[in-house]
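Q: File protein_28.cif below, mmCIF, C-alpha atoms:
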```cif
data_coords
#
loop_
_atom_site.label_atom_id
_atom_site.label_comp_id
_atom_site.auth_asym_id
_atom_site.auth_seq_id
_atom_site.Cartn_x
_atom_site.Cartn_y
_atom_site.Cartn_z
CA GLN G 13 248.38 -92.78 39.14
CA ALA G 14 248.76 -89.15 38.07
CA ALA G 15 246.32 -88.05 40.79
CA VAL G 16 248.51 -89.71 43.42
CA GLU G 17 251.96 -88.82 42.13
CA GLY G 18 251.22 -85.19 41.03
CA LEU G 19 252.70 -83.37 38.01
CA THR G 20 255.03 -85.12 35.62
CA PRO G 21 258.27 -83.39 34.53
CA VAL G 22 256.61 -82.58 31.20
CA ALA G 23 253.65 -80.97 32.95
CA VAL G 24 255.98 -78.99 35.22
CA ARG G 25 257.88 -77.74 32.16
CA GLU G 26 254.62 -76.76 30.45
CA ASN G 27 253.62 -74.75 33.53
CA GLU G 28 256.98 -72.99 33.52
CA ILE G 29 256.61 -72.14 29.84
CA SER G 30 253.09 -70.77 30.28
CA ALA G 31 254.24 -68.62 33.22
CA ALA G 32 257.22 -67.34 31.21
CA GLN G 33 254.95 -66.46 28.30
CA SER G 34 252.61 -64.54 30.60
CA GLN G 35 255.57 -62.68 32.10
CA ALA G 36 256.82 -61.83 28.60
CA SER G 37 253.39 -60.45 27.76
CA ILE G 38 253.60 -58.17 30.81
CA GLU G 39 257.03 -56.90 29.79
CA SER G 40 255.79 -56.26 26.26
CA ALA G 41 252.77 -54.36 27.59
CA GLN G 42 255.02 -52.30 29.88
CA GLN G 43 257.26 -51.44 26.95
CA SER G 44 254.23 -50.37 24.90
CA LEU G 45 253.07 -48.17 27.77
CA ARG G 46 256.48 -46.51 28.06
CA GLN G 47 256.55 -45.91 24.32
CA SER G 48 253.05 -44.40 24.38
CA GLN G 49 254.02 -42.08 27.24
CA ALA G 50 257.22 -41.04 25.46
CA THR G 51 255.31 -40.42 22.25
CA ALA G 52 252.80 -38.28 24.15
CA LYS G 53 255.59 -36.09 25.50
CA SER G 54 257.31 -35.76 22.13
CA ASP G 55 253.99 -34.94 20.43
CA GLU G 56 252.84 -32.42 23.01
CA ALA G 57 256.01 -30.31 23.14
CA PRO G 58 255.95 -29.03 19.52
CA ALA G 59 252.16 -28.60 19.63
CA VAL G 60 252.44 -26.42 22.74
CA GLU G 61 255.27 -24.46 21.12
CA THR G 62 253.12 -23.86 18.03
CA VAL G 63 250.30 -22.49 20.18
CA ALA G 64 252.72 -20.17 21.98
CA GLN G 65 254.22 -18.91 18.71
CA ASP G 66 250.80 -18.28 17.17
CA GLU G 67 249.61 -16.44 20.28
CA LEU G 68 252.74 -14.25 20.17
CA ALA G 69 252.16 -13.60 16.46
CA LEU G 70 248.56 -12.59 17.23
CA LYS G 71 249.71 -10.18 19.93
CA ARG G 72 252.25 -8.58 17.60
CA THR G 73 249.67 -8.34 14.82
CA GLU G 74 247.20 -6.59 17.13
CA GLN G 75 249.92 -4.16 18.22
CA SER G 76 250.94 -3.47 14.64
CA VAL G 77 247.35 -2.92 13.54
CA ALA G 78 246.75 -0.58 16.48
CA LEU G 79 249.82 1.48 15.59
CA GLU G 80 248.79 1.63 11.93
CA ALA G 81 245.27 2.69 12.89
CA THR G 82 246.69 5.44 15.11
CA SER G 83 248.93 6.64 12.29
CA GLU G 84 246.03 6.71 9.80
CA HIS G 85 243.82 8.53 12.32
CA ASP G 86 246.53 11.12 12.91
CA ALA G 87 246.91 11.64 9.15
CA VAL G 88 243.17 12.29 8.78
CA ASN G 89 243.19 14.74 11.70
CA GLU G 90 246.22 16.50 10.24
CA ALA G 91 244.49 16.86 6.87
CA ILE G 92 241.35 18.22 8.55
CA SER G 93 243.46 20.68 10.58
CA GLN G 94 245.26 21.82 7.44
CA LEU G 95 241.92 22.36 5.71
CA SER G 96 240.69 24.45 8.63
CA SER G 97 243.87 26.52 8.55
CA ASP G 98 243.70 27.07 4.80
CA GLU G 99 239.99 27.98 4.99
CA GLN G 100 240.90 30.58 7.61
CA ALA G 101 243.61 31.89 5.27
CA VAL G 102 241.04 32.13 2.44
CA ALA G 103 238.70 34.10 4.68
CA GLU G 104 241.48 36.49 5.66
CA ALA G 105 242.62 36.87 2.05
CA LYS G 106 239.06 37.66 0.94
CA ALA G 107 238.71 40.21 3.74
CA LEU G 108 241.97 41.87 2.66
CA LEU G 109 240.80 41.88 -0.95
CA ALA G 110 237.55 43.56 0.06
CA THR G 111 239.46 46.17 2.04
CA GLU G 112 241.74 46.95 -0.87
CA ARG G 113 238.82 47.24 -3.25
CA ALA G 114 237.01 49.58 -0.83
CA LYS G 115 239.85 52.09 -0.80
CA SER G 116 239.49 55.18 -2.94
CA PRO G 117 241.22 55.10 -5.18
CA PRO G 118 242.01 51.34 -4.89
CA SER G 119 245.54 50.24 -5.56
CA GLU G 120 245.50 47.97 -8.57
CA ALA G 121 248.70 46.28 -7.50
CA LYS G 122 247.38 45.52 -4.02
CA VAL G 123 244.04 44.37 -5.36
CA SER G 124 245.77 42.05 -7.83
CA SER G 125 248.02 40.72 -5.10
CA ALA G 126 245.01 40.10 -2.80
CA GLU G 127 243.13 38.34 -5.60
CA ALA G 128 246.14 36.11 -6.27
CA THR G 129 246.34 35.26 -2.58
CA VAL G 130 242.65 34.34 -2.50
CA LYS G 131 243.04 32.05 -5.50
CA SER G 132 246.14 30.43 -4.01
CA ASP G 133 244.44 29.82 -0.67
CA GLU G 134 241.30 28.45 -2.36
CA SER G 135 243.49 26.07 -4.34
CA LYS G 136 245.03 24.90 -1.08
CA VAL G 137 241.55 24.31 0.35
CA ARG G 138 240.62 22.14 -2.62
CA GLY G 139 243.86 20.21 -2.22
CA ASP G 140 243.14 19.81 1.50
CA SER G 141 239.67 18.40 0.75
CA TYR G 142 241.14 15.88 -1.65
CA SER G 143 243.82 14.98 0.88
CA ILE G 144 241.14 14.37 3.52
CA VAL G 145 239.25 11.99 1.23
CA THR G 146 242.46 10.19 0.35
CA THR G 147 243.57 9.76 3.96
CA GLN G 148 240.09 8.61 5.00
CA ASN G 149 240.07 5.99 2.24
CA SER G 150 243.51 4.88 3.30
CA GLN G 151 242.31 4.69 6.90
CA ALA G 152 239.35 2.49 5.93
CA ALA G 153 241.51 0.21 3.79
CA GLY G 154 244.07 -0.06 6.56
CA ALA G 155 241.40 -0.91 9.11
CA LEU G 156 240.01 -3.65 6.85
CA LYS G 157 243.47 -5.08 6.17
CA GLY G 158 244.35 -4.92 9.84
CA GLN G 159 241.17 -6.76 10.85
CA GLN G 160 241.87 -9.44 8.26
CA SER G 161 245.39 -9.87 9.66
CA ILE G 162 244.00 -10.16 13.20
CA ASP G 163 241.35 -12.66 12.09
CA GLY G 164 243.99 -14.75 10.35
CA ALA G 165 246.22 -14.72 13.43
CA ARG G 166 243.28 -15.66 15.66
CA ASN G 167 242.36 -18.53 13.35
CA ALA G 168 245.95 -19.75 13.50
CA VAL G 169 245.81 -19.75 17.31
CA ALA G 170 242.45 -21.56 17.31
CA ASN G 171 243.72 -24.20 14.88
CA ALA G 172 246.90 -24.71 16.89
CA LYS G 173 244.86 -25.22 20.07
CA LEU G 174 242.57 -27.68 18.30
CA SER G 175 245.59 -29.58 17.03
CA LEU G 176 247.05 -29.65 20.53
CA ALA G 177 243.78 -30.96 21.96
CA ALA G 178 243.53 -33.65 19.28
CA THR G 179 247.13 -34.69 19.92
CA LYS G 180 246.51 -34.96 23.66
CA LEU G 181 243.33 -36.96 23.09
CA ARG G 182 245.03 -39.38 20.69
CA ASP G 183 247.98 -39.90 23.02
CA HIS G 184 245.68 -40.26 26.03
CA GLN G 185 243.75 -42.99 24.25
CA SER G 186 246.98 -44.73 23.30
CA ILE G 187 248.22 -44.63 26.90
CA ALA G 188 244.86 -45.84 28.21
CA GLN G 189 244.89 -48.75 25.77
CA ALA G 190 248.46 -49.64 26.76
CA ARG G 191 247.49 -49.58 30.43
CA THR G 192 244.50 -51.79 29.71
CA SER G 193 246.74 -54.27 27.90
CA LEU G 194 249.18 -54.23 30.81
CA THR G 195 246.39 -54.88 33.30
CA ALA G 196 245.10 -57.76 31.18
CA ALA G 197 248.60 -59.24 30.94
CA LYS G 198 249.04 -59.06 34.72
CA GLN G 199 245.67 -60.69 35.26
CA SER G 200 246.60 -63.42 32.78
CA LEU G 201 249.84 -64.06 34.67
CA GLN G 202 247.97 -64.27 37.96
CA ALA G 203 245.50 -66.72 36.45
CA THR G 204 248.33 -68.82 34.99
CA LEU G 205 250.20 -68.90 38.30
CA ALA G 206 247.02 -69.81 40.17
CA SER G 207 246.28 -72.58 37.69
CA ASN G 208 249.84 -73.90 37.91
CA GLU G 209 249.69 -73.80 41.69
CA ALA G 210 246.43 -75.71 41.65
CA LYS G 211 247.92 -78.31 39.31
CA ALA G 212 251.02 -78.69 41.49
CA ALA G 213 249.07 -78.96 44.75
CA PRO G 214 249.03 -82.42 46.45
CA PRO G 215 245.91 -84.43 45.60
CA THR G 216 243.07 -84.30 48.08
CA ARG G 217 241.62 -87.42 49.67
CA SER G 218 238.46 -87.10 47.60
CA THR G 219 240.51 -86.90 44.40
CA VAL G 220 242.45 -90.03 45.27
CA VAL G 221 239.29 -91.91 46.23
CA SER G 222 237.62 -90.85 43.00
CA ALA G 223 240.63 -91.97 40.98
CA GLU G 224 240.73 -95.32 42.81
CA ASN G 225 237.03 -95.84 42.13
CA SER G 226 237.64 -95.08 38.45
CA VAL G 227 240.41 -97.69 38.38
CA LYS G 228 238.20 -100.29 40.05
CA SER G 229 235.40 -99.57 37.63
CA ALA G 230 237.74 -99.93 34.66
CA GLN G 231 239.13 -103.19 36.01
CA LEU G 232 235.62 -104.54 36.49
CA THR G 233 234.78 -103.62 32.91
CA VAL G 234 237.83 -105.49 31.65
CA GLU G 235 236.99 -108.56 33.73
CA ASN G 236 233.42 -108.59 32.41
CA ALA G 237 234.70 -108.33 28.86
CA ARG G 238 237.10 -111.20 29.34
CA ARG G 239 234.41 -113.38 30.89
CA THR G 240 232.06 -112.59 28.05
CA LEU G 241 234.78 -113.49 25.56
CA SER G 242 235.52 -116.81 27.27
CA GLU G 243 231.86 -117.77 27.24
CA ALA G 244 231.29 -116.87 23.61
CA LYS G 245 230.90 -119.79 21.13
CA LEU G 246 229.97 -119.92 17.49
CA TYR G 247 227.81 -122.75 16.01
CA ALA G 248 227.33 -123.55 12.34
CA PRO G 249 223.84 -124.56 11.29
CA THR G 250 225.25 -127.45 9.23
CA GLU G 251 228.47 -129.34 8.80
CA GLY G 252 230.89 -128.12 6.19
CA VAL G 253 234.17 -126.36 5.43
CA VAL G 254 234.65 -122.60 6.00
CA ALA G 255 235.29 -121.06 2.63
CA SER G 256 236.04 -117.48 3.76
CA ILE G 257 235.97 -115.22 6.83
CA LYS G 258 234.95 -111.62 6.29
CA ASN G 259 235.59 -110.46 9.85
CA SER G 260 238.87 -110.00 11.69
CA VAL G 261 240.10 -110.63 15.21
CA GLY G 262 238.86 -108.05 17.66
CA GLU G 263 235.84 -107.02 15.58
CA THR G 264 232.47 -107.04 17.32
CA VAL G 265 229.71 -109.22 15.79
CA SER G 266 226.08 -109.59 16.68
CA GLY G 267 223.62 -112.49 16.81
CA THR G 268 221.13 -114.25 19.08
CA GLY G 269 222.42 -116.09 22.09
CA THR G 270 221.60 -119.80 22.81
CA SER G 271 222.31 -122.06 25.73
CA SER G 272 224.63 -125.06 25.49
CA SER G 273 221.71 -127.42 26.22
CA GLU G 274 219.94 -126.64 22.97
CA THR G 275 220.17 -129.08 20.06
CA SER G 276 222.75 -128.72 17.32
CA THR G 277 219.98 -127.90 14.88
CA SER G 278 219.56 -124.50 16.51
CA SER G 279 220.60 -121.73 14.15
CA GLY G 280 221.53 -119.21 16.83
CA THR G 281 225.00 -117.92 17.68
CA SER G 282 226.32 -116.20 20.79
CA SER G 283 225.21 -112.60 21.32
CA GLY G 284 227.75 -109.76 21.24
CA GLY G 285 230.67 -112.14 20.77
CA THR G 286 234.21 -111.16 19.84
CA ARG G 287 236.11 -113.19 17.31
#
```
Produce structure tokens that represent the structure in this file.
A:
Amino acid sequence: QAAVEGLTPVAVRENEISAAQSQASIESAQQSLRQSQATAKSDEAPAVETVAQDELALKRTEQSVALEATSEHDAVNEAISQLSSDEQAVAEAKALLATERAKSPPSEAKVSSAEATVKSDESKVRGDSYSIVTTQNSQAAGALKGQQSIDGARNAVANAKLSLAATKLRDHQSIAQARTSLTAAKQSLQATLASNEAKAAPPTRSTVVSAENSVKSAQLTVENARRTLSEAKLYAPTEGVVASIKNSVGETVSGTGTSSSETSTSSGTSSGGTR
């Protein structure tokens, strides 16, 4: 009957519910995709900004280190130049002292003054040598500190870029998964609609014929069962009164069948009978 008449109202309602559920799954997947895309944008913006800030900090650090290195180099050169100048002054003072001592008679005052000048200039030379060592040490320490600052800034840039890449990868995977879920939901909806359409389609001739054959077969089975029931008889081996019945109506019993022409002394009962 169902094959001929098509879907019942209940079946139609079930199809509508299944289609609505599939459509809701699509909307949910679309919402997840939009959220994943929005999250990707919100995550990427600060990560990109961090990279830009760290790159700017690196550039400024390199400029600062370069300026400091130039200043230290100039200080060393200045100290070396001062030493050269003072050494020249020492040489001139010693020459003057030799000239004053070579005079006859030498002037004690001028000789003393020349000796004092030599000592003063030699003291300046010693101070210049110490100043050179000091400025060179400062230059080396500054170069080391500057390189450490540059290395730290470069590491910060590298870490920021790695973080940006990891963020992009994570968000890309999230978006890809959301798109996969959306595709699956759409395919599920298409399958549901196709199934519902197939269920709602008018029955084919072969389907009706098959259903009719099934009905005929079932009817024949019922008729055979009724005929078997009408022909079933139970015989007691001897006369007496039934004391108890352990079986109930409708229960299937077994035994050996006998024909009605056999004598009453036969102990057989009908085969496959129903009480």
Q: Which residues are near segment 65-77 of chain G? Cut-off 9 Å, all atoms listed in the file, ignore same chain within fewer than 2 positions. Put them as a VMD selection string.
A: chain G and resid 60 to 63 79 to 82 154 to 155 157 to 159 161 to 166 168 to 170 172
Q: With C-alpha atoms retained, export the selected residues as an mmCIF file, in the coordinates of the input.
A:
```cif
data_model
loop_
_atom_site.group_PDB
_atom_site.id
_atom_site.type_symbol
_atom_site.label_atom_id
_atom_site.label_comp_id
_atom_site.auth_asym_id
_atom_site.auth_seq_id
_atom_site.Cartn_x
_atom_site.Cartn_y
_atom_site.Cartn_z
ATOM 1 C CA VAL G 60 252.440 -26.420 22.740
ATOM 2 C CA GLU G 61 255.270 -24.460 21.120
ATOM 3 C CA THR G 62 253.120 -23.860 18.030
ATOM 4 C CA VAL G 63 250.300 -22.490 20.180
ATOM 5 C CA LEU G 79 249.820 1.480 15.590
ATOM 6 C CA GLU G 80 248.790 1.630 11.930
ATOM 7 C CA ALA G 81 245.270 2.690 12.890
ATOM 8 C CA THR G 82 246.690 5.440 15.110
ATOM 9 C CA GLY G 154 244.070 -0.060 6.560
ATOM 10 C CA ALA G 155 241.400 -0.910 9.110
ATOM 11 C CA LYS G 157 243.470 -5.080 6.170
ATOM 12 C CA GLY G 158 244.350 -4.920 9.840
ATOM 13 C CA GLN G 159 241.170 -6.760 10.850
ATOM 14 C CA SER G 161 245.390 -9.870 9.660
ATOM 15 C CA ILE G 162 244.000 -10.160 13.200
ATOM 16 C CA ASP G 163 241.350 -12.660 12.090
ATOM 17 C CA GLY G 164 243.990 -14.750 10.350
ATOM 18 C CA ALA G 165 246.220 -14.720 13.430
ATOM 19 C CA ARG G 166 243.280 -15.660 15.660
ATOM 20 C CA ALA G 168 245.950 -19.750 13.500
ATOM 21 C CA VAL G 169 245.810 -19.750 17.310
ATOM 22 C CA ALA G 170 242.450 -21.560 17.310
ATOM 23 C CA ALA G 172 246.900 -24.710 16.890
#
```
Q: Any chance you could work out the residue set of the PyMOL selection byres ((chain G and resi 39-54) around 8) here, as a ChimeraX atom specification?
A: /G:35-38,55-58,179-180,183-184,186-187,190-191,193-194,197
Q: Would you save the residues from that selection as a compact mmCIF listing (two decimals), in the coordinates of the input, using C-alpha atoms?
A:
```
# COMPACT_ATOMS: atom_id res chain seq x y z
CA GLN G 35 255.57 -62.68 32.10
CA ALA G 36 256.82 -61.83 28.60
CA SER G 37 253.39 -60.45 27.76
CA ILE G 38 253.60 -58.17 30.81
CA ASP G 55 253.99 -34.94 20.43
CA GLU G 56 252.84 -32.42 23.01
CA ALA G 57 256.01 -30.31 23.14
CA PRO G 58 255.95 -29.03 19.52
CA THR G 179 247.13 -34.69 19.92
CA LYS G 180 246.51 -34.96 23.66
CA ASP G 183 247.98 -39.90 23.02
CA HIS G 184 245.68 -40.26 26.03
CA SER G 186 246.98 -44.73 23.30
CA ILE G 187 248.22 -44.63 26.90
CA ALA G 190 248.46 -49.64 26.76
CA ARG G 191 247.49 -49.58 30.43
CA SER G 193 246.74 -54.27 27.90
CA LEU G 194 249.18 -54.23 30.81
CA ALA G 197 248.60 -59.24 30.94
```
Q: Written as JSON, numbers by chain, what is the full residue list that the PyMOL selection byres ((chain G and resi 85-89) around 7) yields on the file shown?
A: {"G": [81, 82, 83, 84, 90, 91, 92, 93, 144, 147, 148, 151]}
Q: Quick one, how far is atom CA of Ser200 of chain G from atom CA of Ala31 of chain G?
A: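 Atom CA of Ala31 of chain G lies 9.3 Å from atom CA of Ser200 of chain G.
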Q: Find the residue from G:Thr240, G:Arg25, G:Lys173, G:Ser226 that sits nearest to Ala64 of chain G; use only C-alpha atoms when measuring.
A: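 That would be G:Lys173, the residue with the smallest distance to Ala64 of chain G.
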Q: Just to confirm, what's the straight-line distance from atom CA of Val24 of chain G to atom CA of Glu224 of chain G in Å (one decimal)?
A: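 Computing it gives 23.6 Å between the two atoms.
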Q: Could you tell me how far atom CA of Lys122 of chain G lies from atom CA of Ala110 of chain G, in Å and to one decimal?
A: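 Going from atom CA of Lys122 of chain G over to atom CA of Ala110 of chain G covers 10.8 Å.
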Q: Please enumerate the residues selected by the PyMOL selection byres ((chain G and resi 208) around 10) when evaluated against the supplied file, formatted as a PyMOL selection string.
A: chain G and resi 19+23-24+26-28+30-31+202-207+209-213
